Amino acid sequence: MRGFNKVILAGNLTADPDLRSTVNRRSYMRFNLAVNSKYKNNNGELQDVVDYIPIVVWGAMAETLGKYLRKGSPVLVEGRIKTGSFVARDGSKKFTTDIYADNITMLGSSNGDRQQARSQNGSNNAGDFSQEWNQTFGSGGMNDNFNGGGDFGKSLNDGAFDDSNSDDDIPF
């Protein structure tokens with residue numbers, strides 16, 4: 001049977017992304033994504049929890065997004081779970097779990113954040129990112145409303161995914 005490995009996360013970058021290259025000059029970018037959620041404790045009170053998920057982006061997508069993403073940027077990440085291991089300097093074996101991104105959609109942010117990203121990258125036009133993305137990846141891989149103007153980005157920011165009124169307790 002063929003397996004299925006798909007992850008979809010919405011959150012905010014915890015720091016500016018780290019864009020690097022391998023020894024073979026293949027670009028990659030790493031960042032942690034803060035994902036907020038709520039759960040009910042044993043007393044029935046809602047508790048906030050934040051998970052910090054390590055994200056890895058490869059190739060041209062890393063180079064393009066590295067110009068626009070900053071600490072606090074809200075994004076939607078679609079990808080897969082990738083596990084690995086390495087031997088630490090002390091000789092112990094360490095295990096890693098990352099999300100390898102296949103697609104990242106920039107969600108809405110404050111106008112000041114967009115202006116700051118544009119000025120840091122010499123862009124004068126809000127469509128520059130979309131145009132660059134489409135030239136690099138084609139129009140099918142990017143949400144046309146990358147700046148949060150679309151219904152999906154707007155609904156995330158308006159709290160449409162707030163489950164605080166839910167009576168469901170999921171036991172995991």
# chains A, B, ... in the order shown; residues from 1 in each chain; ligands from 1

call {"tool": "residues_around", "arguments": {"residues": "Gly59 of chain A", "least_positions_apart": "4", "cutoff": "9 Å", "atoms": "only C-alpha atoms", "output": "number ranges by chain"}}
result
A: 26-29, 63-64

call {"tool": "atom_distance", "arguments": {"atom1": "atom CA of Gly108 of chain A", "atom2": "atom CA of Glu78 of chain A"}}
result
16.9 Å

call {"tool": "atom_distance", "arguments": {"atom1": "atom CA of Asn5 of chain A", "atom2": "atom CA of Ile104 of chain A"}}
result
16.5 Å

call {"tool": "closest_residue", "arguments": {"among": "A:Leu46, A:Ala60, A:Val75, A:Val7", "to": "Ile99 of chain A", "atoms": "only C-alpha atoms"}}
result
A:Val7

call {"tool": "closest_residue", "arguments": {"among": "A:Ala34, A:Val50, A:Ile8, A:Val57", "to": "Arg20 of chain A", "atoms": "only C-alpha atoms"}}
result
A:Val57

call {"tool": "select_by_dssp", "arguments": {"residues": "segment 17-84 of chain A", "states": "alpha helix (DSSP H)", "output": "PyMOL selection string"}}
result
chain A and resi 59-66

call {"tool": "write_last_selection", "arguments": {"atoms": "all heavy atoms", "output": "mmCIF file, in the first residue's frame"}}
result
data_model
loop_
_atom_site.group_PDB
_atom_site.id
_atom_site.type_symbol
_atom_site.label_atom_id
_atom_site.label_comp_id
_atom_site.auth_asym_id
_atom_site.auth_seq_id
_atom_site.Cartn_x
_atom_site.Cartn_y
_atom_site.Cartn_z
ATOM 1 N N GLY A 59 15.521 25.035 -2.843
ATOM 2 C CA GLY A 59 15.614 25.522 -4.216
ATOM 3 C C GLY A 59 15.151 26.949 -4.431
ATOM 4 O O GLY A 59 15.279 27.819 -3.568
ATOM 5 N N ALA A 60 14.588 27.169 -5.622
ATOM 6 C CA ALA A 60 14.168 28.512 -6.031
ATOM 7 C C ALA A 60 13.082 29.067 -5.125
ATOM 8 O O ALA A 60 13.021 30.283 -4.909
ATOM 9 C CB ALA A 60 13.696 28.485 -7.483
ATOM 10 N N MET A 61 12.223 28.206 -4.588
ATOM 11 C CA MET A 61 11.184 28.682 -3.680
ATOM 12 C C MET A 61 11.830 29.298 -2.437
ATOM 13 O O MET A 61 11.384 30.336 -1.949
ATOM 14 C CB MET A 61 10.223 27.559 -3.287
ATOM 15 C CG MET A 61 9.086 28.043 -2.420
ATOM 16 S SD MET A 61 7.695 26.907 -2.184
ATOM 17 C CE MET A 61 8.470 25.387 -1.757
ATOM 18 N N ALA A 62 12.900 28.700 -1.924
ATOM 19 C CA ALA A 62 13.608 29.248 -0.766
ATOM 20 C C ALA A 62 14.211 30.608 -1.102
ATOM 21 O O ALA A 62 14.114 31.554 -0.317
ATOM 22 C CB ALA A 62 14.696 28.285 -0.308
ATOM 23 N N GLU A 63 14.820 30.732 -2.275
ATOM 24 C CA GLU A 63 15.437 31.993 -2.677
ATOM 25 C C GLU A 63 14.397 33.098 -2.814
ATOM 26 O O GLU A 63 14.603 34.227 -2.364
ATOM 27 C CB GLU A 63 16.187 31.810 -3.992
ATOM 28 C CG GLU A 63 17.393 30.901 -3.867
ATOM 29 C CD GLU A 63 18.005 30.551 -5.208
ATOM 30 O OE1 GLU A 63 17.633 31.177 -6.231
ATOM 31 O OE2 GLU A 63 18.857 29.644 -5.237
ATOM 32 N N THR A 64 13.266 32.779 -3.434
ATOM 33 C CA THR A 64 12.216 33.783 -3.633
ATOM 34 C C THR A 64 11.588 34.188 -2.309
ATOM 35 O O THR A 64 11.483 35.375 -2.000
ATOM 36 C CB THR A 64 11.132 33.255 -4.590
ATOM 37 O OG1 THR A 64 11.744 32.926 -5.838
ATOM 38 C CG2 THR A 64 10.046 34.280 -4.808
ATOM 39 N N LEU A 65 11.183 33.226 -1.505
ATOM 40 C CA LEU A 65 10.529 33.543 -0.231
ATOM 41 C C LEU A 65 11.485 34.207 0.747
ATOM 42 O O LEU A 65 11.063 35.002 1.587
ATOM 43 C CB LEU A 65 9.920 32.290 0.378
ATOM 44 C CG LEU A 65 8.698 31.755 -0.361
ATOM 45 C CD1 LEU A 65 8.302 30.391 0.184
ATOM 46 C CD2 LEU A 65 7.535 32.725 -0.274
ATOM 47 N N GLY A 66 12.777 33.906 0.641
ATOM 48 C CA GLY A 66 13.761 34.521 1.512
ATOM 49 C C GLY A 66 13.809 36.031 1.377
ATOM 50 O O GLY A 66 14.219 36.742 2.299
#

call {"tool": "residues_around", "arguments": {"residues": "Thr96 of chain A", "least_positions_apart": "5", "cutoff": "7 Å", "atoms": "only C-alpha atoms", "output": "MDAnalysis selection string"}}
result
chainID A and resid 83:85

call {"tool": "write_last_selection", "arguments": {"atoms": "C-alpha atoms", "output": "short mmCIF file (atom, residue, chain, number, x, y, z; two decimals), in the first residue's frame"}}
result
data_model
loop_
_atom_site.label_atom_id
_atom_site.label_comp_id
_atom_site.auth_asym_id
_atom_site.auth_seq_id
_atom_site.Cartn_x
_atom_site.Cartn_y
_atom_site.Cartn_z
CA THR A 83 12.52 12.49 9.93
CA GLY A 84 16.23 11.95 10.25
CA SER A 85 19.04 11.31 12.68
#

call {"tool": "decode", "arguments": {"residues": "segment 42-58 of chain A", "atoms": "all heavy atoms", "output": "PDB file, in the first residue's frame"}}
result
ATOM      1  N   ASN A  42      -8.424  19.498  32.254  1.00  0.00           N
ATOM      2  CA  ASN A  42      -9.302  18.606  33.022  1.00  0.00           C
ATOM      3  C   ASN A  42     -10.429  19.343  33.729  1.00  0.00           C
ATOM      4  O   ASN A  42     -11.446  18.755  34.067  1.00  0.00           O
ATOM      5  CB  ASN A  42      -8.484  17.819  34.043  1.00  0.00           C
ATOM      6  CG  ASN A  42      -7.576  16.820  33.372  1.00  0.00           C
ATOM      7  OD1 ASN A  42      -7.828  16.416  32.237  1.00  0.00           O
ATOM      8  ND2 ASN A  42      -6.500  16.437  34.050  1.00  0.00           N
ATOM      9  N   ASN A  43     -10.261  20.645  33.963  1.00  0.00           N
ATOM     10  CA  ASN A  43     -11.301  21.446  34.614  1.00  0.00           C
ATOM     11  C   ASN A  43     -12.256  22.077  33.601  1.00  0.00           C
ATOM     12  O   ASN A  43     -13.137  22.840  33.976  1.00  0.00           O
ATOM     13  CB  ASN A  43     -10.667  22.553  35.459  1.00  0.00           C
ATOM     14  CG  ASN A  43      -9.826  21.998  36.585  1.00  0.00           C
ATOM     15  OD1 ASN A  43     -10.105  20.921  37.108  1.00  0.00           O
ATOM     16  ND2 ASN A  43      -8.782  22.721  36.935  1.00  0.00           N
ATOM     17  N   GLY A  44     -12.077  21.775  32.324  1.00  0.00           N
ATOM     18  CA  GLY A  44     -12.936  22.322  31.289  1.00  0.00           C
ATOM     19  C   GLY A  44     -12.584  23.739  30.863  1.00  0.00           C
ATOM     20  O   GLY A  44     -13.315  24.358  30.105  1.00  0.00           O
ATOM     21  N   GLU A  45     -11.450  24.245  31.329  1.00  0.00           N
ATOM     22  CA  GLU A  45     -11.018  25.597  30.963  1.00  0.00           C
ATOM     23  C   GLU A  45     -10.189  25.543  29.689  1.00  0.00           C
ATOM     24  O   GLU A  45      -9.383  24.631  29.491  1.00  0.00           O
ATOM     25  CB  GLU A  45     -10.167  26.200  32.087  1.00  0.00           C
ATOM     26  CG  GLU A  45     -10.886  26.302  33.405  1.00  0.00           C
ATOM     27  CD  GLU A  45      -9.942  26.577  34.555  1.00  0.00           C
ATOM     28  OE1 GLU A  45      -8.751  26.185  34.473  1.00  0.00           O
ATOM     29  OE2 GLU A  45     -10.391  27.165  35.549  1.00  0.00           O
ATOM     30  N   LEU A  46     -10.383  26.553  28.829  1.00  0.00           N
ATOM     31  CA  LEU A  46      -9.598  26.632  27.600  1.00  0.00           C
ATOM     32  C   LEU A  46      -8.176  27.081  27.915  1.00  0.00           C
ATOM     33  O   LEU A  46      -7.963  28.046  28.650  1.00  0.00           O
ATOM     34  CB  LEU A  46     -10.225  27.607  26.609  1.00  0.00           C
ATOM     35  CG  LEU A  46     -11.421  27.085  25.837  1.00  0.00           C
ATOM     36  CD1 LEU A  46     -11.995  28.182  24.941  1.00  0.00           C
ATOM     37  CD2 LEU A  46     -11.039  25.884  24.992  1.00  0.00           C
ATOM     38  N   GLN A  47      -7.216  26.379  27.368  1.00  0.00           N
ATOM     39  CA  GLN A  47      -5.802  26.699  27.543  1.00  0.00           C
ATOM     40  C   GLN A  47      -5.192  26.968  26.172  1.00  0.00           C
ATOM     41  O   GLN A  47      -5.462  26.246  25.214  1.00  0.00           O
ATOM     42  CB  GLN A  47      -5.063  25.523  28.190  1.00  0.00           C
ATOM     43  CG  GLN A  47      -5.567  25.167  29.567  1.00  0.00           C
ATOM     44  CD  GLN A  47      -5.231  26.223  30.577  1.00  0.00           C
ATOM     45  OE1 GLN A  47      -4.094  26.674  30.681  1.00  0.00           O
ATOM     46  NE2 GLN A  47      -6.224  26.659  31.331  1.00  0.00           N
ATOM     47  N   ASP A  48      -4.375  28.024  26.088  1.00  0.00           N
ATOM     48  CA  ASP A  48      -3.644  28.318  24.864  1.00  0.00           C
ATOM     49  C   ASP A  48      -2.351  27.521  24.863  1.00  0.00           C
ATOM     50  O   ASP A  48      -1.702  27.364  25.898  1.00  0.00           O
ATOM     51  CB  ASP A  48      -3.302  29.806  24.766  1.00  0.00           C
ATOM     52  CG  ASP A  48      -4.537  30.670  24.576  1.00  0.00           C
ATOM     53  OD1 ASP A  48      -5.432  30.241  23.826  1.00  0.00           O
ATOM     54  OD2 ASP A  48      -4.609  31.753  25.180  1.00  0.00           O
ATOM     55  N   VAL A  49      -1.983  27.037  23.683  1.00  0.00           N
ATOM     56  CA  VAL A  49      -0.716  26.333  23.532  1.00  0.00           C
ATOM     57  C   VAL A  49      -0.118  26.747  22.183  1.00  0.00           C
ATOM     58  O   VAL A  49      -0.842  27.006  21.230  1.00  0.00           O
ATOM     59  CB  VAL A  49      -0.902  24.794  23.634  1.00  0.00           C
ATOM     60  CG1 VAL A  49      -1.751  24.257  22.507  1.00  0.00           C
ATOM     61  CG2 VAL A  49       0.430  24.086  23.677  1.00  0.00           C
ATOM     62  N   VAL A  50       1.197  26.845  22.160  1.00  0.00           N
ATOM     63  CA  VAL A  50       1.903  27.180  20.928  1.00  0.00           C
ATOM     64  C   VAL A  50       2.884  26.055  20.626  1.00  0.00           C
ATOM     65  O   VAL A  50       3.666  25.660  21.493  1.00  0.00           O
ATOM     66  CB  VAL A  50       2.669  28.519  21.050  1.00  0.00           C
ATOM     67  CG1 VAL A  50       3.390  28.835  19.750  1.00  0.00           C
ATOM     68  CG2 VAL A  50       1.736  29.641  21.446  1.00  0.00           C
ATOM     69  N   ASP A  51       2.829  25.547  19.409  1.00  0.00           N
ATOM     70  CA  ASP A  51       3.806  24.568  18.944  1.00  0.00           C
ATOM     71  C   ASP A  51       4.769  25.272  18.000  1.00  0.00           C
ATOM     72  O   ASP A  51       4.352  26.103  17.189  1.00  0.00           O
ATOM     73  CB  ASP A  51       3.113  23.412  18.213  1.00  0.00           C
ATOM     74  CG  ASP A  51       2.275  22.573  19.147  1.00  0.00           C
ATOM     75  OD1 ASP A  51       2.810  22.122  20.175  1.00  0.00           O
ATOM     76  OD2 ASP A  51       1.086  22.374  18.853  1.00  0.00           O
ATOM     77  N   TYR A  52       6.041  24.956  18.111  1.00  0.00           N
ATOM     78  CA  TYR A  52       7.064  25.544  17.251  1.00  0.00           C
ATOM     79  C   TYR A  52       7.546  24.445  16.300  1.00  0.00           C
ATOM     80  O   TYR A  52       8.216  23.505  16.725  1.00  0.00           O
ATOM     81  CB  TYR A  52       8.207  26.114  18.084  1.00  0.00           C
ATOM     82  CG  TYR A  52       7.711  27.196  19.029  1.00  0.00           C
ATOM     83  CD1 TYR A  52       7.395  26.906  20.347  1.00  0.00           C
ATOM     84  CD2 TYR A  52       7.526  28.492  18.577  1.00  0.00           C
ATOM     85  CE1 TYR A  52       6.919  27.886  21.209  1.00  0.00           C
ATOM     86  CE2 TYR A  52       7.051  29.484  19.422  1.00  0.00           C
ATOM     87  CZ  TYR A  52       6.750  29.170  20.733  1.00  0.00           C
ATOM     88  OH  TYR A  52       6.270  30.147  21.584  1.00  0.00           O
ATOM     89  N   ILE A  53       7.191  24.579  15.040  1.00  0.00           N
ATOM     90  CA  ILE A  53       7.422  23.534  14.049  1.00  0.00           C
ATOM     91  C   ILE A  53       8.566  23.948  13.123  1.00  0.00           C
ATOM     92  O   ILE A  53       8.494  25.008  12.489  1.00  0.00           O
ATOM     93  CB  ILE A  53       6.147  23.298  13.201  1.00  0.00           C
ATOM     94  CG1 ILE A  53       4.894  23.203  14.070  1.00  0.00           C
ATOM     95  CG2 ILE A  53       6.334  22.109  12.280  1.00  0.00           C
ATOM     96  CD1 ILE A  53       4.797  22.005  14.953  1.00  0.00           C
ATOM     97  N   PRO A  54       9.621  23.122  13.017  1.00  0.00           N
ATOM     98  CA  PRO A  54      10.719  23.457  12.100  1.00  0.00           C
ATOM     99  C   PRO A  54      10.321  23.186  10.641  1.00  0.00           C
ATOM    100  O   PRO A  54       9.831  22.105  10.307  1.00  0.00           O
ATOM    101  CB  PRO A  54      11.852  22.538  12.547  1.00  0.00           C
ATOM    102  CG  PRO A  54      11.206  21.433  13.300  1.00  0.00           C
ATOM    103  CD  PRO A  54       9.902  21.942  13.824  1.00  0.00           C
ATOM    104  N   ILE A  55      10.538  24.202   9.781  1.00  0.00           N
ATOM    105  CA  ILE A  55      10.180  24.132   8.370  1.00  0.00           C
ATOM    106  C   ILE A  55      11.455  24.235   7.538  1.00  0.00           C
ATOM    107  O   ILE A  55      12.345  25.038   7.843  1.00  0.00           O
ATOM    108  CB  ILE A  55       9.230  25.287   7.974  1.00  0.00           C
ATOM    109  CG1 ILE A  55       8.036  25.382   8.920  1.00  0.00           C
ATOM    110  CG2 ILE A  55       8.816  25.183   6.514  1.00  0.00           C
ATOM    111  CD1 ILE A  55       7.068  24.238   8.852  1.00  0.00           C
ATOM    112  N   VAL A  56      11.530  23.448   6.462  1.00  0.00           N
ATOM    113  CA  VAL A  56      12.649  23.493   5.521  1.00  0.00           C
ATOM    114  C   VAL A  56      12.082  23.710   4.124  1.00  0.00           C
ATOM    115  O   VAL A  56      11.133  23.038   3.727  1.00  0.00           O
ATOM    116  CB  VAL A  56      13.482  22.190   5.555  1.00  0.00           C
ATOM    117  CG1 VAL A  56      14.640  22.263   4.567  1.00  0.00           C
ATOM    118  CG2 VAL A  56      13.988  21.894   6.956  1.00  0.00           C
ATOM    119  N   VAL A  57      12.663  24.670   3.396  1.00  0.00           N
ATOM    120  CA  VAL A  57      12.251  24.996   2.027  1.00  0.00           C
ATOM    121  C   VAL A  57      13.487  24.876   1.148  1.00  0.00           C
ATOM    122  O   VAL A  57      14.557  25.363   1.511  1.00  0.00           O
ATOM    123  CB  VAL A  57      11.681  26.429   1.936  1.00  0.00           C
ATOM    124  CG1 VAL A  57      11.155  26.715   0.549  1.00  0.00           C
ATOM    125  CG2 VAL A  57      10.606  26.654   2.974  1.00  0.00           C
ATOM    126  N   TRP A  58      13.350  24.253  -0.031  1.00  0.00           N
ATOM    127  CA  TRP A  58      14.488  24.013  -0.916  1.00  0.00           C
ATOM    128  C   TRP A  58      14.379  24.785  -2.223  1.00  0.00           C
ATOM    129  O   TRP A  58      13.286  25.105  -2.679  1.00  0.00           O
ATOM    130  CB  TRP A  58      14.590  22.524  -1.248  1.00  0.00           C
ATOM    131  CG  TRP A  58      15.056  21.704  -0.091  1.00  0.00           C
ATOM    132  CD1 TRP A  58      14.282  21.038   0.811  1.00  0.00           C
ATOM    133  CD2 TRP A  58      16.412  21.469   0.292  1.00  0.00           C
ATOM    134  NE1 TRP A  58      15.076  20.414   1.736  1.00  0.00           N
ATOM    135  CE2 TRP A  58      16.381  20.650   1.432  1.00  0.00           C
ATOM    136  CE3 TRP A  58      17.646  21.874  -0.230  1.00  0.00           C
ATOM    137  CZ2 TRP A  58      17.548  20.219   2.064  1.00  0.00           C
ATOM    138  CZ3 TRP A  58      18.800  21.439   0.398  1.00  0.00           C
ATOM    139  CH2 TRP A  58      18.750  20.623   1.538  1.00  0.00           C
TER     140      TRP A  58
END
